[in-house]
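> Sharing a structure with you now.
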Amino acid sequence: MHKEKQHIAIFASGGGSNARKIIEYFKNSETIAVRLVVSNKKDAGVLDIAQLHGIETLVVHRTDFAGDDQFLLELSTRNIDYIVLAGFLLLVPAYLVSAFPQRIFNIHPALLPKHGGKGMYGHFVHEAVKAAGDTESGMTIHWVDEHYDEGTILFQARCTLAPEDTPEDIARKVLELEHRYYAEVIEKTITEMA
Ligand code: GRF
């Protein structure tokens, strides 16, 4: 039987500029729909963005998220096929990885395997890139497994850094790449797997 649309749940903890791009990108898609936005922060900007677009939201507490049955039920009742992490700061628990094998996307604001792992998020990443004197940075889209930033890499895009670039300059260059490619790579990957 042909299923009409693949349902995505976006998980985000912050402002949600990537989530916004993804929501806008799939707004008129006939094959993929953003069905749910999940956040662990009740005042996350991403929740306002979702509401603006008429997308259902769910706030999870660290403890609810760590248990399994109830949260999996929230996802299955909405027929979620794929999870997209967009600036989501909690570790995805093992039960969720097992329930969604090669169905959880993450984006990391550096060229993994460099500058990844626990504690490497947001400005910490760009400060590490600067401190290492790297001449390039970029972003990585990968499958999520039980370890931070270690799943199979699906796509990377690079940008050149100038010696005078500050961590803020690096962040800006990388975010531009994230906005340009994340939704497109999600679409291509899901389409190829369908
Ligand atoms: C992005 O840089 C993403 O790579 C990282 O967190 C940031 C989220 O930004 N994981 P936003 O909330 O999408 O604006």
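Simple scheme: letters A, B, ... for chains in structure tokens order, numbers from 1 for residues in each chain, numbers from 1 for ligands in the order shown.
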Within 7 Å of range 18-21 of chain A, counting only C-alpha atoms, which residues show up once you throw out same-chain ones fewer than 6 positions away? Write them as a VMD selection string, please.

chain A and resid 10 46 49 86 179

> Residues of the last selection are to be written out with N, CA and C atoms, as a short mmCIF file (atom, residue, chain, number, x, y, z; two decimals), in the first residue's frame.


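This went into part_26.cif:
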```
data_model
loop_
_atom_site.label_atom_id
_atom_site.label_comp_id
_atom_site.auth_asym_id
_atom_site.auth_seq_id
_atom_site.Cartn_x
_atom_site.Cartn_y
_atom_site.Cartn_z
N ILE A 10 10.22 17.48 14.38
CA ILE A 10 11.45 18.24 14.60
C ILE A 10 11.64 18.41 16.11
N VAL A 46 11.34 28.12 19.00
CA VAL A 46 10.87 27.19 17.97
C VAL A 46 9.39 26.84 18.16
N ILE A 49 7.35 29.47 16.41
CA ILE A 49 7.43 29.29 14.96
C ILE A 49 6.47 28.19 14.53
N ALA A 86 17.26 19.63 15.44
CA ALA A 86 17.72 20.93 14.94
C ALA A 86 18.06 21.78 16.16
N HIS A 179 21.23 26.36 6.75
CA HIS A 179 19.95 26.79 6.19
C HIS A 179 19.82 26.40 4.72
#
```

> Find the residues near ligand 1. Use a cut-off of 6 Å, count only C-alpha atoms and all ligand atoms, and write them as a PyMOL selection string.

chain A and resi 14-19+86-87+107-109+122+175

> Need to verify the contact set: range 160-173 of chain A, 12 Å, only C-alpha atoms, exclusion of same-chain residues closer than 2 positions in sequence. Can you return it as a ChimeraX atom specification?

/A:108-111,121-139,157-158,175-180

> Output as a tab-separated table one row per residue of range 77-170 of chain A within 12 Å of range 33-36 of chain A: the closest atom pair and its distance in Å to one decimal place, counting only C-alpha atoms, sorted by chain and residue number ascending.


```
residue	atom	partner	partner_atom	distance
A:Thr77	CA	A:Arg35	CA	11.0
A:Arg78	CA	A:Arg35	CA	7.3
A:Asn79	CA	A:Arg35	CA	8.6
A:Ile80	CA	A:Arg35	CA	7.4
A:Asp81	CA	A:Arg35	CA	9.8
A:Tyr82	CA	A:Val34	CA	9.6
A:Ile83	CA	A:Leu36	CA	9.5
A:Val84	CA	A:Val34	CA	9.6
```

> Which residue, A:Arg103, A:His53, A:Lys41, A:Lys118, has the smallest gap to Ile8 in chain A when you use only C-alpha atoms?

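Closest to Ile8 in chain A of all the choices is A:Arg103.
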
> Residues at most 9 Å from Pro93 in chain A, counting only C-alpha atoms, excluding those fewer than 5 positions away in the same chain, as a PyMOL selection string?

chain A and resi 65-68+98+146

> Could those selected residues go to a file with C-alpha atoms, as a PDB file, in the first residue's frame?


```pdb
ATOM      1  CA  PHE A  65      11.904  11.796  27.739  1.00  0.00           C
ATOM      2  CA  ALA A  66      14.152   9.347  29.570  1.00  0.00           C
ATOM      3  CA  GLY A  67      11.281   6.886  30.147  1.00  0.00           C
ATOM      4  CA  ASP A  68      10.008   5.147  27.037  1.00  0.00           C
ATOM      5  CA  SER A  98      16.207   1.588  18.531  1.00  0.00           C
ATOM      6  CA  GLU A 146      23.572   6.276  20.988  1.00  0.00           C
TER       7      GLU A 146
END
```

> Between A:Gln6, A:Gln102, A:Thr31, A:Gln51, which residue has the minimum interatomic distance to Gly151 in chain A, considering only C-alpha atoms?

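Closest residue, counting only C-alpha atoms: A:Gln102.
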
> Write out as an MDAnalysis selection string all residues of range 31-162 of chain A that backbone DSSP assigns to strand (DSSP E).

chainID A and resid 32:39 56:59 82:85 104:108 136:143 153:160
